[in-house]
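**Q** run-v5.cif (mmCIF, C-alpha atoms and all ligand atoms) pasted underneath:
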```
data_structure
#
loop_
_atom_site.group_PDB
_atom_site.id
_atom_site.type_symbol
_atom_site.label_atom_id
_atom_site.label_comp_id
_atom_site.auth_asym_id
_atom_site.auth_seq_id
_atom_site.Cartn_x
_atom_site.Cartn_y
_atom_site.Cartn_z
ATOM 1 C CA MET A 3 105.134 132.823 118.663
ATOM 2 C CA PRO A 4 103.382 129.611 119.847
ATOM 3 C CA ARG A 5 104.640 126.202 118.759
ATOM 4 C CA LYS A 6 103.498 125.052 115.342
ATOM 5 C CA VAL A 7 100.427 122.796 115.241
ATOM 6 C CA ARG A 8 101.602 119.621 113.487
ATOM 7 C CA LYS A 9 99.290 116.959 114.895
ATOM 8 C CA ALA A 10 95.551 116.456 114.591
ATOM 9 C CA VAL A 11 93.290 114.016 116.406
ATOM 10 C CA PHE A 12 90.215 112.610 114.679
ATOM 11 C CA PRO A 13 87.890 111.008 117.244
ATOM 12 C CA VAL A 14 85.952 108.382 115.300
ATOM 13 C CA ALA A 15 85.077 105.911 118.032
ATOM 14 C CA GLY A 16 81.443 106.950 118.535
ATOM 15 C CA MET A 17 78.624 104.542 117.760
ATOM 16 C CA GLY A 18 76.771 106.768 115.304
ATOM 17 C CA THR A 19 73.407 105.586 116.590
ATOM 18 C CA ARG A 20 71.530 108.330 114.742
ATOM 19 C CA PHE A 21 72.356 106.549 111.486
ATOM 20 C CA LEU A 22 71.285 103.048 112.476
ATOM 21 C CA PRO A 23 70.855 100.631 110.824
ATOM 22 C CA ALA A 24 73.496 101.896 108.315
ATOM 23 C CA THR A 25 76.113 102.311 111.050
ATOM 24 C CA LYS A 26 75.647 98.764 112.271
ATOM 25 C CA SER A 27 78.389 97.748 109.847
ATOM 26 C CA ILE A 28 79.616 101.013 108.249
ATOM 27 C CA PRO A 29 81.464 103.607 110.314
ATOM 28 C CA LYS A 30 79.586 106.921 110.274
ATOM 29 C CA GLU A 31 82.746 108.632 109.033
ATOM 30 C CA ILE A 32 82.693 106.508 105.847
ATOM 31 C CA LEU A 33 79.197 107.718 104.918
ATOM 32 C CA THR A 34 79.607 109.539 101.652
ATOM 33 C CA LEU A 35 78.843 113.112 100.641
ATOM 34 C CA VAL A 36 78.554 112.930 96.848
ATOM 35 C CA ASP A 37 81.712 110.889 96.202
ATOM 36 C CA ARG A 38 83.905 111.319 99.262
ATOM 37 C CA PRO A 39 83.462 109.927 102.746
ATOM 38 C CA LEU A 40 83.079 112.400 105.607
ATOM 39 C CA ILE A 41 86.557 111.587 106.889
ATOM 40 C CA GLN A 42 88.135 112.706 103.607
ATOM 41 C CA TYR A 43 86.717 116.220 104.025
ATOM 42 C CA ALA A 44 88.237 116.459 107.508
ATOM 43 C CA ILE A 45 91.627 115.146 106.353
ATOM 44 C CA ASP A 46 91.715 117.597 103.426
ATOM 45 C CA GLU A 47 90.868 120.471 105.752
ATOM 46 C CA ALA A 48 93.637 119.448 108.161
ATOM 47 C CA ARG A 49 96.194 119.067 105.374
ATOM 48 C CA ALA A 50 95.351 122.553 104.109
ATOM 49 C CA ALA A 51 96.114 123.810 107.630
ATOM 50 C CA GLY A 52 99.619 122.318 107.568
ATOM 51 C CA ILE A 53 98.895 119.214 109.668
ATOM 52 C CA THR A 54 101.411 116.441 108.987
ATOM 53 C CA GLU A 55 100.542 113.852 111.650
ATOM 54 C CA PHE A 56 97.072 112.347 111.784
ATOM 55 C CA ILE A 57 95.876 110.428 114.838
ATOM 56 C CA PHE A 58 92.648 108.448 114.653
ATOM 57 C CA VAL A 59 90.870 107.343 117.800
ATOM 58 C CA THR A 60 88.908 104.324 116.609
ATOM 59 C CA SER A 61 86.901 101.474 118.054
ATOM 60 C CA ARG A 62 85.635 98.043 117.085
ATOM 61 C CA GLY A 63 84.067 97.803 113.644
ATOM 62 C CA LYS A 64 85.959 100.758 112.169
ATOM 63 C CA SER A 65 88.443 98.846 110.009
ATOM 64 C CA ALA A 66 86.895 100.313 106.813
ATOM 65 C CA LEU A 67 88.502 103.606 107.865
ATOM 66 C CA GLU A 68 91.973 102.070 108.072
ATOM 67 C CA ASP A 69 91.531 100.370 104.700
ATOM 68 C CA TYR A 70 90.378 103.621 103.136
ATOM 69 C CA PHE A 71 93.721 105.287 103.900
ATOM 70 C CA ASP A 72 95.768 102.282 102.815
ATOM 71 C CA ARG A 73 97.030 101.541 99.324
ATOM 72 C CA ALA A 74 94.797 99.421 97.053
ATOM 73 C CA PRO A 75 97.411 97.661 94.875
ATOM 74 C CA GLU A 76 94.995 95.540 92.802
ATOM 75 C CA LEU A 77 92.650 98.434 92.077
ATOM 76 C CA GLU A 78 95.564 100.747 91.240
ATOM 77 C CA ALA A 79 97.213 98.160 88.959
ATOM 78 C CA SER A 80 93.951 97.530 87.135
ATOM 79 C CA LEU A 81 93.322 101.269 86.593
ATOM 80 C CA ARG A 82 96.930 101.755 85.447
ATOM 81 C CA GLN A 83 96.668 98.891 82.983
ATOM 82 C CA LYS A 84 93.534 100.454 81.483
ATOM 83 C CA ASN A 85 95.174 103.908 81.382
ATOM 84 C CA LYS A 86 92.488 105.353 83.652
ATOM 85 C CA THR A 87 94.682 108.178 84.875
ATOM 86 C CA ALA A 88 91.804 110.434 85.936
ATOM 87 C CA LEU A 89 90.468 107.734 88.251
ATOM 88 C CA LEU A 90 93.933 107.066 89.645
ATOM 89 C CA GLU A 91 94.230 110.760 90.426
ATOM 90 C CA ARG A 92 90.985 110.609 92.357
ATOM 91 C CA LEU A 93 92.609 108.117 94.704
ATOM 92 C CA GLU A 94 95.479 110.455 95.500
ATOM 93 C CA PRO A 95 93.906 112.240 98.500
ATOM 94 C CA THR A 96 93.477 108.823 100.156
ATOM 95 C CA ASN A 97 97.230 108.197 100.094
ATOM 96 C CA MET A 98 99.026 108.924 103.329
ATOM 97 C CA ASP A 99 102.784 109.163 103.754
ATOM 98 C CA SER A 100 104.104 106.116 105.571
ATOM 99 C CA GLY A 101 103.999 106.771 109.290
ATOM 100 C CA ALA A 102 101.886 109.919 108.976
ATOM 101 C CA ILE A 103 98.739 108.223 110.239
ATOM 102 C CA ALA A 104 98.369 106.420 113.546
ATOM 103 C CA TYR A 105 95.453 104.613 115.136
ATOM 104 C CA VAL A 106 94.674 104.228 118.788
ATOM 105 C CA ARG A 107 91.620 102.492 120.192
ATOM 106 C CA GLN A 108 89.066 103.784 122.619
ATOM 107 C CA HIS A 109 87.847 100.561 124.190
ATOM 108 C CA GLU A 110 84.650 102.039 125.556
ATOM 109 C CA ALA A 111 82.702 105.052 124.236
ATOM 110 C CA LEU A 112 83.046 107.131 127.418
ATOM 111 C CA GLY A 113 82.767 110.484 125.667
ATOM 112 C CA LEU A 114 84.668 112.863 123.411
ATOM 113 C CA GLY A 115 87.027 113.982 126.192
ATOM 114 C CA HIS A 116 87.947 110.374 126.883
ATOM 115 C CA ALA A 117 88.482 109.712 123.161
ATOM 116 C CA VAL A 118 90.959 112.610 122.915
ATOM 117 C CA TRP A 119 92.671 111.473 126.139
ATOM 118 C CA CYS A 120 93.226 108.037 124.539
ATOM 119 C CA ALA A 121 95.573 109.774 122.056
ATOM 120 C CA ARG A 122 97.687 111.464 124.784
ATOM 121 C CA ARG A 123 100.867 109.427 124.243
ATOM 122 C CA LEU A 124 100.814 110.052 120.496
ATOM 123 C CA ILE A 125 100.226 113.771 121.011
ATOM 124 C CA GLY A 126 102.999 114.234 123.590
ATOM 125 C CA ASN A 127 103.770 117.680 124.931
ATOM 126 C CA GLU A 128 102.777 119.987 122.097
ATOM 127 C CA PRO A 129 99.695 121.840 120.859
ATOM 128 C CA PHE A 130 97.335 119.770 118.740
ATOM 129 C CA ALA A 131 94.156 120.106 116.709
ATOM 130 C CA VAL A 132 90.970 118.067 117.100
ATOM 131 C CA LEU A 133 88.564 117.660 114.181
ATOM 132 C CA LEU A 134 85.199 115.924 114.444
ATOM 133 C CA PRO A 135 84.565 114.531 110.968
ATOM 134 C CA ASP A 136 80.796 114.708 111.294
ATOM 135 C CA ASP A 137 81.072 118.509 111.269
ATOM 136 C CA VAL A 138 81.752 119.264 107.612
ATOM 137 C CA ILE A 139 82.695 122.861 106.853
ATOM 138 C CA GLN A 140 82.375 124.256 103.368
ATOM 139 C CA ALA A 141 84.751 127.209 103.122
ATOM 140 C CA ASP A 142 86.932 128.934 100.546
ATOM 141 C CA HIS A 143 89.801 128.701 103.017
ATOM 142 C CA SER A 144 90.036 125.613 105.256
ATOM 143 C CA CYS A 145 88.389 126.323 108.626
ATOM 144 C CA LEU A 146 91.289 124.774 110.543
ATOM 145 C CA ALA A 147 93.743 126.855 108.488
ATOM 146 C CA GLN A 148 91.827 129.996 109.510
ATOM 147 C CA MET A 149 92.115 128.889 113.128
ATOM 148 C CA VAL A 150 95.828 128.090 112.899
ATOM 149 C CA GLU A 151 96.464 131.573 111.495
ATOM 150 C CA ALA A 152 94.539 133.190 114.364
ATOM 151 C CA TYR A 153 96.208 130.876 116.910
ATOM 152 C CA GLU A 154 99.654 131.986 115.759
ATOM 153 C CA LYS A 155 98.772 135.372 117.263
ATOM 154 C CA THR A 156 96.853 134.255 120.367
ATOM 155 C CA GLY A 157 98.424 130.946 121.443
ATOM 156 C CA GLY A 158 96.491 129.127 124.192
ATOM 157 C CA ASN A 159 93.374 127.139 123.370
ATOM 158 C CA MET A 160 90.993 127.909 120.552
ATOM 159 C CA VAL A 161 87.541 126.523 119.766
ATOM 160 C CA ALA A 162 85.547 127.115 116.591
ATOM 161 C CA ALA A 163 82.285 128.891 117.340
ATOM 162 C CA MET A 164 79.131 129.809 115.491
ATOM 163 C CA GLU A 165 75.856 131.453 116.343
ATOM 164 C CA VAL A 166 72.890 129.105 116.670
ATOM 165 C CA ALA A 167 69.204 129.752 117.331
ATOM 166 C CA PRO A 168 68.557 130.115 121.108
ATOM 167 C CA GLU A 169 66.329 127.007 121.116
ATOM 168 C CA ARG A 170 69.241 124.926 119.745
ATOM 169 C CA THR A 171 71.852 125.844 122.372
ATOM 170 C CA SER A 172 71.029 122.802 124.525
ATOM 171 C CA SER A 173 72.549 120.557 121.822
ATOM 172 C CA TYR A 174 75.986 122.227 121.964
ATOM 173 C CA GLY A 175 78.819 123.390 124.152
ATOM 174 C CA VAL A 176 78.099 127.106 124.621
ATOM 175 C CA LEU A 177 80.538 129.992 125.241
ATOM 176 C CA ASP A 178 80.301 132.736 127.813
ATOM 177 C CA VAL A 179 82.191 135.556 126.154
ATOM 178 C CA SER A 180 83.987 138.393 127.953
ATOM 179 C CA GLY A 181 85.352 140.454 125.112
ATOM 180 C CA GLY A 182 87.380 140.554 121.965
ATOM 181 C CA SER A 183 86.226 141.765 118.660
ATOM 182 C CA GLY A 184 86.086 140.437 115.151
ATOM 183 C CA ARG A 185 86.716 136.759 114.650
ATOM 184 C CA VAL A 186 88.516 136.041 117.927
ATOM 185 C CA VAL A 187 86.546 136.314 121.161
ATOM 186 C CA ASP A 188 87.768 135.892 124.750
ATOM 187 C CA VAL A 189 86.002 133.140 126.622
ATOM 188 C CA LYS A 190 85.208 133.420 130.325
ATOM 189 C CA GLY A 191 83.092 130.291 130.595
ATOM 190 C CA MET A 192 81.944 127.203 128.696
ATOM 191 C CA VAL A 193 79.033 124.923 129.405
ATOM 192 C CA GLU A 194 78.228 121.637 127.676
ATOM 193 C CA LYS A 195 74.583 121.157 126.638
ATOM 194 C CA PRO A 196 73.044 123.790 128.934
ATOM 195 C CA ALA A 197 69.444 123.185 130.014
ATOM 196 C CA PRO A 198 66.995 125.159 127.826
ATOM 197 C CA GLY A 199 66.897 128.814 128.830
ATOM 198 C CA THR A 200 70.179 128.717 130.793
ATOM 199 C CA ALA A 201 72.759 129.152 127.995
ATOM 200 C CA PRO A 202 75.173 132.068 128.614
ATOM 201 C CA SER A 203 75.002 133.063 124.914
ATOM 202 C CA ASN A 204 74.020 131.614 121.566
ATOM 203 C CA LEU A 205 77.648 131.115 120.504
ATOM 204 C CA ALA A 206 78.058 127.366 120.150
ATOM 205 C CA VAL A 207 81.246 125.333 119.934
ATOM 206 C CA ILE A 208 81.533 123.130 116.880
ATOM 207 C CA GLY A 209 83.944 120.321 116.123
ATOM 208 C CA ARG A 210 87.260 122.107 115.550
ATOM 209 C CA TYR A 211 89.727 122.806 118.329
ATOM 210 C CA ILE A 212 93.368 123.773 118.862
ATOM 211 C CA LEU A 213 94.407 122.699 122.344
ATOM 212 C CA THR A 214 97.371 122.825 124.677
ATOM 213 C CA PRO A 215 98.692 119.580 126.200
ATOM 214 C CA GLN A 216 97.468 120.867 129.585
ATOM 215 C CA VAL A 217 93.949 119.907 128.450
ATOM 216 C CA LEU A 218 95.129 116.284 128.300
ATOM 217 C CA ARG A 219 96.366 116.571 131.887
ATOM 218 C CA ASN A 220 92.969 117.964 132.905
ATOM 219 C CA LEU A 221 91.375 114.915 131.265
ATOM 220 C CA ASN A 222 93.488 112.653 133.528
ATOM 221 C CA ARG A 223 90.978 113.466 136.280
ATOM 222 C CA MET A 224 88.293 111.588 134.327
ATOM 223 C CA THR A 225 85.509 113.815 135.610
ATOM 224 C CA LEU A 226 82.077 112.846 134.337
ATOM 225 C CA GLY A 227 80.087 115.704 132.824
ATOM 226 C CA ALA A 228 76.869 116.205 130.853
ATOM 227 C CA GLY A 229 75.192 112.934 129.838
ATOM 228 C CA GLY A 230 77.496 110.981 132.198
ATOM 229 C CA GLU A 231 80.315 111.300 129.632
ATOM 230 C CA ILE A 232 83.870 112.596 129.956
ATOM 231 C CA GLN A 233 83.480 115.907 128.151
ATOM 232 C CA LEU A 234 86.201 117.719 126.247
ATOM 233 C CA THR A 235 84.399 121.008 126.934
ATOM 234 C CA ASP A 236 84.896 120.578 130.707
ATOM 235 C CA ALA A 237 88.642 119.959 130.331
ATOM 236 C CA ILE A 238 88.962 123.076 128.149
ATOM 237 C CA ALA A 239 86.830 125.131 130.569
ATOM 238 C CA GLN A 240 89.326 124.321 133.360
ATOM 239 C CA GLU A 241 91.911 126.237 131.349
ATOM 240 C CA ILE A 242 89.793 129.378 131.627
ATOM 241 C CA GLU A 243 90.002 129.240 135.407
ATOM 242 C CA ALA A 244 93.666 128.208 135.503
ATOM 243 C CA ASN A 245 95.231 130.320 132.753
ATOM 244 C CA ASN A 246 92.518 132.416 131.150
ATOM 245 C CA ASP A 247 93.666 131.436 127.694
ATOM 246 C CA VAL A 248 90.660 130.076 125.838
ATOM 247 C CA HIS A 249 89.523 131.835 122.691
ATOM 248 C CA GLY A 250 86.489 131.364 120.505
ATOM 249 C CA PHE A 251 86.981 131.689 116.775
ATOM 250 C CA ARG A 252 84.134 132.709 114.504
ATOM 251 C CA PHE A 253 85.161 130.957 111.326
ATOM 252 C CA SER A 254 84.101 131.925 107.862
ATOM 253 C CA GLY A 255 82.244 129.120 106.086
ATOM 254 C CA GLN A 256 79.142 126.973 106.223
ATOM 255 C CA ARG A 257 79.040 124.140 108.732
ATOM 256 C CA TYR A 258 76.885 121.051 108.232
ATOM 257 C CA ASP A 259 76.044 118.711 111.080
ATOM 258 C CA CYS A 260 76.546 115.458 109.219
ATOM 259 C CA GLY A 261 76.094 113.525 112.456
ATOM 260 C CA SER A 262 72.360 114.124 112.024
ATOM 261 C CA LYS A 263 70.211 112.906 109.128
ATOM 262 C CA ALA A 264 68.808 116.367 108.346
ATOM 263 C CA GLY A 265 72.282 117.955 108.338
ATOM 264 C CA PHE A 266 73.665 115.157 106.194
ATOM 265 C CA LEU A 267 70.934 115.661 103.589
ATOM 266 C CA GLN A 268 71.496 119.430 103.562
ATOM 267 C CA ALA A 269 75.215 118.861 103.002
ATOM 268 C CA THR A 270 74.499 116.383 100.207
ATOM 269 C CA VAL A 271 72.424 118.995 98.395
ATOM 270 C CA ALA A 272 74.988 121.776 98.974
ATOM 271 C CA PHE A 273 77.951 119.674 97.817
ATOM 272 C CA GLY A 274 75.948 118.233 94.915
ATOM 273 C CA LEU A 275 75.230 121.754 93.707
ATOM 274 C CA GLN A 276 78.951 122.590 93.853
ATOM 275 C CA HIS A 277 80.103 119.485 92.021
ATOM 276 C CA ASP A 278 81.404 120.153 88.508
ATOM 277 C CA GLU A 279 79.920 116.998 86.968
ATOM 278 C CA LEU A 280 76.581 117.145 88.750
ATOM 279 C CA ARG A 281 75.727 120.796 89.211
ATOM 280 C CA ASP A 282 73.607 121.402 86.108
ATOM 281 C CA GLU A 283 71.638 118.146 86.131
ATOM 282 C CA PHE A 284 71.063 118.312 89.865
ATOM 283 C CA GLN A 285 69.951 121.951 89.730
ATOM 284 C CA ILE A 286 67.360 121.101 87.068
ATOM 285 C CA TYR A 287 66.131 118.176 89.151
ATOM 286 C CA LEU A 288 65.790 120.339 92.266
ATOM 287 C CA ASN A 289 64.004 123.087 90.349
ATOM 288 C CA ASP A 290 61.543 120.523 88.969
ATOM 289 C CA LEU A 291 61.057 119.013 92.361
ATOM 290 C CA VAL A 292 60.235 122.367 93.920
ATOM 291 C CA ALA A 293 57.945 123.360 91.046
ATOM 292 C CA GLN A 294 56.191 120.030 90.974
ATOM 293 C CA PRO A 295 56.757 118.034 94.173
ATOM 294 C CA HIS A 296 55.343 114.790 92.751
ATOM 295 C CA ALA A 297 57.604 114.795 89.676
ATOM 296 C CA ALA A 298 60.159 112.586 91.391
ATOM 297 C CA GLU A 299 57.704 109.807 92.173
HETATM 298 P P1 LIG A 301 78.658 112.188 118.732
HETATM 299 O O1 LIG A 301 78.095 112.764 119.944
HETATM 300 O O2 LIG A 301 78.207 112.667 117.413
HETATM 301 O O3 LIG A 301 78.465 110.643 118.912
HETATM 302 O O4 LIG A 301 80.242 112.347 118.834
HETATM 303 P P2 LIG A 301 78.282 109.371 118.054
HETATM 304 O O5 LIG A 301 78.265 108.279 119.039
HETATM 305 O O6 LIG A 301 79.332 109.242 116.983
HETATM 306 O O7 LIG A 301 76.890 109.516 117.299
HETATM 307 P P3 LIG A 301 75.373 109.275 117.777
HETATM 308 O O8 LIG A 301 75.039 110.478 118.628
HETATM 309 O O9 LIG A 301 75.293 107.977 118.531
HETATM 310 O O10 LIG A 301 74.617 109.232 116.503
HETATM 311 C C1 LIG A 301 80.979 113.383 118.244
HETATM 312 C C2 LIG A 301 82.326 112.839 117.797
HETATM 313 O O11 LIG A 301 83.032 112.277 118.902
HETATM 314 C C3 LIG A 301 83.397 110.939 118.641
HETATM 315 C C4 LIG A 301 82.439 110.468 117.559
HETATM 316 O O12 LIG A 301 83.020 109.428 116.778
HETATM 317 C C5 LIG A 301 82.212 111.745 116.753
HETATM 318 O O13 LIG A 301 83.249 111.949 115.803
HETATM 319 N N1 LIG A 301 83.285 110.166 119.902
HETATM 320 C C6 LIG A 301 82.222 110.354 120.721
HETATM 321 C C7 LIG A 301 84.271 109.275 120.235
HETATM 322 O O14 LIG A 301 85.259 109.070 119.485
HETATM 323 N N2 LIG A 301 84.165 108.578 121.411
HETATM 324 C C8 LIG A 301 83.126 108.754 122.248
HETATM 325 O O15 LIG A 301 83.092 108.096 123.320
HETATM 326 C C9 LIG A 301 82.131 109.658 121.896
#
```
Mind converting the file's structure to structure tokens?
Ligand code: UTP
**A**
Amino acid sequence: MPRKVRKAVFPVAGMGTRFLPATKSIPKEILTLVDRPLIQYAIDEARAAGITEFIFVTSRGKSALEDYFDRAPELEASLRQKNKTALLERLEPTNMDSGAIAYVRQHEALGLGHAVWCARRLIGNEPFAVLLPDDVIQADHSCLAQMVEAYEKTGGNMVAAMEVAPERTSSYGVLDVSGGSGRVVDVKGMVEKPAPGTAPSNLAVIGRYILTPQVLRNLNRMTLGAGGEIQLTDAIAQEIEANNDVHGFRFSGQRYDCGSKAGFLQATVAFGLQHDELRDEFQIYLNDLVAQPHAAE
């Protein structure tokens, strides 16, 4: 049985240019879906998968993220004094055990592979997960938990995969699949952002990974890939050649690309419609809007 996955890396050092001007002063990962920032969804998913050590790769201007996972003594005292227990409970998921969260800086945004490499000393020599918080996955059972369960049988490296329309493959890392059935597929090749018409399949990699420490050693070579960036996909693909132990995992759930404005809006609607306090009112509003597009003006 492979070693337990205890650590997860959250690369949050990107510039989030697709959300400018908002991201000039607010980290993209603090943008809020209904009432929780994107990063909270990723942390909850990781916790549900048994992760106990959380490593953030941050950059300048991201201090709001560190504050979010810190205690807020004045706020807590004020809520306690007013007996606002329900509100205090809402803060609970933001509390981290002392020492469970660590921050490391990526001084220059050289790519996702480089961001993960920046965490190498905190990861050490054990398998680890990577979660990109701008991929939000709505699922009955945490996507990373599904992957951890599959990984316990396969070991090696595992990437979350989903089918995308052929014209969208050039925005993703794409898998070349050799076999396997059901949720786990064997991967014989991976290509980051293939030129239109050249993708080996329409099975795209999305932002959840379970990786061996060998991937970190591959990243030591600092090879530049697509877009002139140090790509995580390339470092994982080297493991196919060296050890043939990369698996794709077709997760069950709905993924939203909250790194894009359209995806973020879709997620807002989906999560709004699932929210206990909002569902009914929001549903009525949406029905009216569809029936009478100018009603909202
Ligand atoms: P994106 O490609 O979505 O990049 O990175 P971005 O810079 O955040 O956003 P745009 O494209 O400018 O709008 C995917 C994930 O990888 C992290 C990002 O923070 C995001 O979680 N990342 C990317 C890094 O941590 N460092 C990098 O150098 C690049």
**Q** Between CA of Ile139 (chain A) and CA of Asn220 (chain A), what is the distance in Å, rounded to a tenth?
**A**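 Taking CA of Ile139 (chain A) and CA of Asn220 (chain A), their separation equals 28.4 Å.
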**Q** Residues of chain A that approach ligand LIG 301 (chain A) to 10 Å or less, counting only C-alpha atoms and all ligand atoms: could you list each one with the shortest pair of atoms and its distance in Å to one decimal, rows by chain and increasing residue number, as JSON lines?
**A**
```
{"residue": "A:Val11", "atom": "CA", "partner": "A:LIG301", "partner_atom": "O14", "distance": 9.9}
{"residue": "A:Phe12", "atom": "CA", "partner": "A:LIG301", "partner_atom": "O13", "distance": 7.1}
{"residue": "A:Pro13", "atom": "CA", "partner": "A:LIG301", "partner_atom": "O14", "distance": 4.0}
{"residue": "A:Val14", "atom": "CA", "partner": "A:LIG301", "partner_atom": "O12", "distance": 3.4}
{"residue": "A:Ala15", "atom": "CA", "partner": "A:LIG301", "partner_atom": "O14", "distance": 3.5}
{"residue": "A:Gly16", "atom": "CA", "partner": "A:LIG301", "partner_atom": "O12", "distance": 3.4}
{"residue": "A:Met17", "atom": "CA", "partner": "A:LIG301", "partner_atom": "O5", "distance": 4.0}
{"residue": "A:Gly18", "atom": "CA", "partner": "A:LIG301", "partner_atom": "O7", "distance": 3.4}
{"residue": "A:Thr19", "atom": "CA", "partner": "A:LIG301", "partner_atom": "O9", "distance": 3.6}
{"residue": "A:Arg20", "atom": "CA", "partner": "A:LIG301", "partner_atom": "O10", "distance": 3.7}
{"residue": "A:Phe21", "atom": "CA", "partner": "A:LIG301", "partner_atom": "O10", "distance": 6.1}
{"residue": "A:Leu22", "atom": "CA", "partner": "A:LIG301", "partner_atom": "O10", "distance": 8.1}
{"residue": "A:Thr25", "atom": "CA", "partner": "A:LIG301", "partner_atom": "O10", "distance": 8.9}
{"residue": "A:Pro29", "atom": "CA", "partner": "A:LIG301", "partner_atom": "O12", "distance": 8.8}
{"residue": "A:Lys30", "atom": "CA", "partner": "A:LIG301", "partner_atom": "O6", "distance": 7.1}
{"residue": "A:Glu31", "atom": "CA", "partner": "A:LIG301", "partner_atom": "O13", "distance": 7.6}
{"residue": "A:Ile41", "atom": "CA", "partner": "A:LIG301", "partner_atom": "O13", "distance": 9.5}
{"residue": "A:Phe58", "atom": "CA", "partner": "A:LIG301", "partner_atom": "O14", "distance": 8.9}
{"residue": "A:Val59", "atom": "CA", "partner": "A:LIG301", "partner_atom": "O14", "distance": 6.1}
{"residue": "A:Thr60", "atom": "CA", "partner": "A:LIG301", "partner_atom": "O14", "distance": 6.6}
{"residue": "A:Ser61", "atom": "CA", "partner": "A:LIG301", "partner_atom": "O14", "distance": 7.9}
{"residue": "A:Arg107", "atom": "CA", "partner": "A:LIG301", "partner_atom": "O14", "distance": 9.2}
{"residue": "A:Gln108", "atom": "CA", "partner": "A:LIG301", "partner_atom": "N2", "distance": 7.0}
{"residue": "A:His109", "atom": "CA", "partner": "A:LIG301", "partner_atom": "O15", "distance": 9.0}
{"residue": "A:Glu110", "atom": "CA", "partner": "A:LIG301", "partner_atom": "O15", "distance": 6.6}
{"residue": "A:Ala111", "atom": "CA", "partner": "A:LIG301", "partner_atom": "O15", "distance": 3.2}
{"residue": "A:Leu112", "atom": "CA", "partner": "A:LIG301", "partner_atom": "O15", "distance": 4.2}
{"residue": "A:Gly113", "atom": "CA", "partner": "A:LIG301", "partner_atom": "O15", "distance": 3.4}
{"residue": "A:Leu114", "atom": "CA", "partner": "A:LIG301", "partner_atom": "C9", "distance": 4.4}
{"residue": "A:Gly115", "atom": "CA", "partner": "A:LIG301", "partner_atom": "C8", "distance": 7.6}
{"residue": "A:His116", "atom": "CA", "partner": "A:LIG301", "partner_atom": "O15", "distance": 6.4}
{"residue": "A:Ala117", "atom": "CA", "partner": "A:LIG301", "partner_atom": "N2", "distance": 4.8}
{"residue": "A:Val118", "atom": "CA", "partner": "A:LIG301", "partner_atom": "O14", "distance": 7.5}
{"residue": "A:Cys120", "atom": "CA", "partner": "A:LIG301", "partner_atom": "O14", "distance": 9.5}
{"residue": "A:Val132", "atom": "CA", "partner": "A:LIG301", "partner_atom": "O13", "distance": 9.9}
{"residue": "A:Leu133", "atom": "CA", "partner": "A:LIG301", "partner_atom": "O13", "distance": 8.0}
{"residue": "A:Leu134", "atom": "CA", "partner": "A:LIG301", "partner_atom": "O13", "distance": 4.6}
{"residue": "A:Pro135", "atom": "CA", "partner": "A:LIG301", "partner_atom": "O13", "distance": 5.6}
{"residue": "A:Asp136", "atom": "CA", "partner": "A:LIG301", "partner_atom": "O13", "distance": 5.8}
{"residue": "A:Asp137", "atom": "CA", "partner": "A:LIG301", "partner_atom": "O13", "distance": 8.3}
{"residue": "A:Ser173", "atom": "CA", "partner": "A:LIG301", "partner_atom": "O1", "distance": 9.7}
{"residue": "A:Tyr174", "atom": "CA", "partner": "A:LIG301", "partner_atom": "O1", "distance": 9.9}
{"residue": "A:Ile208", "atom": "CA", "partner": "A:LIG301", "partner_atom": "C1", "distance": 9.9}
{"residue": "A:Gly209", "atom": "CA", "partner": "A:LIG301", "partner_atom": "C2", "distance": 7.8}
{"residue": "A:Glu231", "atom": "CA", "partner": "A:LIG301", "partner_atom": "O15", "distance": 7.6}
{"residue": "A:Ile232", "atom": "CA", "partner": "A:LIG301", "partner_atom": "O15", "distance": 8.1}
{"residue": "A:Gln233", "atom": "CA", "partner": "A:LIG301", "partner_atom": "C9", "distance": 8.9}
{"residue": "A:Leu234", "atom": "CA", "partner": "A:LIG301", "partner_atom": "O11", "distance": 9.7}
{"residue": "A:Asp259", "atom": "CA", "partner": "A:LIG301", "partner_atom": "O2", "distance": 9.0}
{"residue": "A:Cys260", "atom": "CA", "partner": "A:LIG301", "partner_atom": "O2", "distance": 8.8}
{"residue": "A:Gly261", "atom": "CA", "partner": "A:LIG301", "partner_atom": "O2", "distance": 5.5}
{"residue": "A:Ser262", "atom": "CA", "partner": "A:LIG301", "partner_atom": "O10", "distance": 7.0}
{"residue": "A:Lys263", "atom": "CA", "partner": "A:LIG301", "partner_atom": "O10", "distance": 9.3}
```
**Q** Quick one: everything within 9 Å of Asn127 (chain A), counting all atoms listed in the file, minus sequence neighbours fewer than 5 positions away in the same chain. Send it as a VMD selection string.
**A** chain A and resid 122 214 to 216
**Q** Would you pick out the contacts of region 239-247 of chain A at 9 Å or less, using all atoms listed in the file, so that residues sharing its chain but fewer than 4 positions from it are not included, and give the list as a count of residues only?
**A** 16
**Q** Counting only C-alpha atoms, what is within 12 Å of Gln285 (chain A), bar same-chain residues fewer than 5 positions away, as a PyMOL selection string?
**A** chain A and resi 271-280+290-292
**Q** Just to confirm, what's the straight-line distance from CA of Gly52 (chain A) to CA of Thr34 (chain A) in Å (one decimal)?
**A**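 A separation of 24.5 Å between them.
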**Q** Name all residues at most 12 Å from Glu151 (chain A) (count only C-alpha atoms; drop same-chain ones fewer than 3 positions away) and give them as a VMD selection string.
**A** chain A and resid 3 to 4 6 to 7 50 to 52 143 to 148 154 to 157 160 185 to 186 212 251 253
**Q** What does the distance from CA of Glu165 (chain A) to CA of Tyr258 (chain A) come to in Å, to one decimal?
**A**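 If I compute the distance from CA of Glu165 (chain A) to CA of Tyr258 (chain A), I get 13.2 Å.
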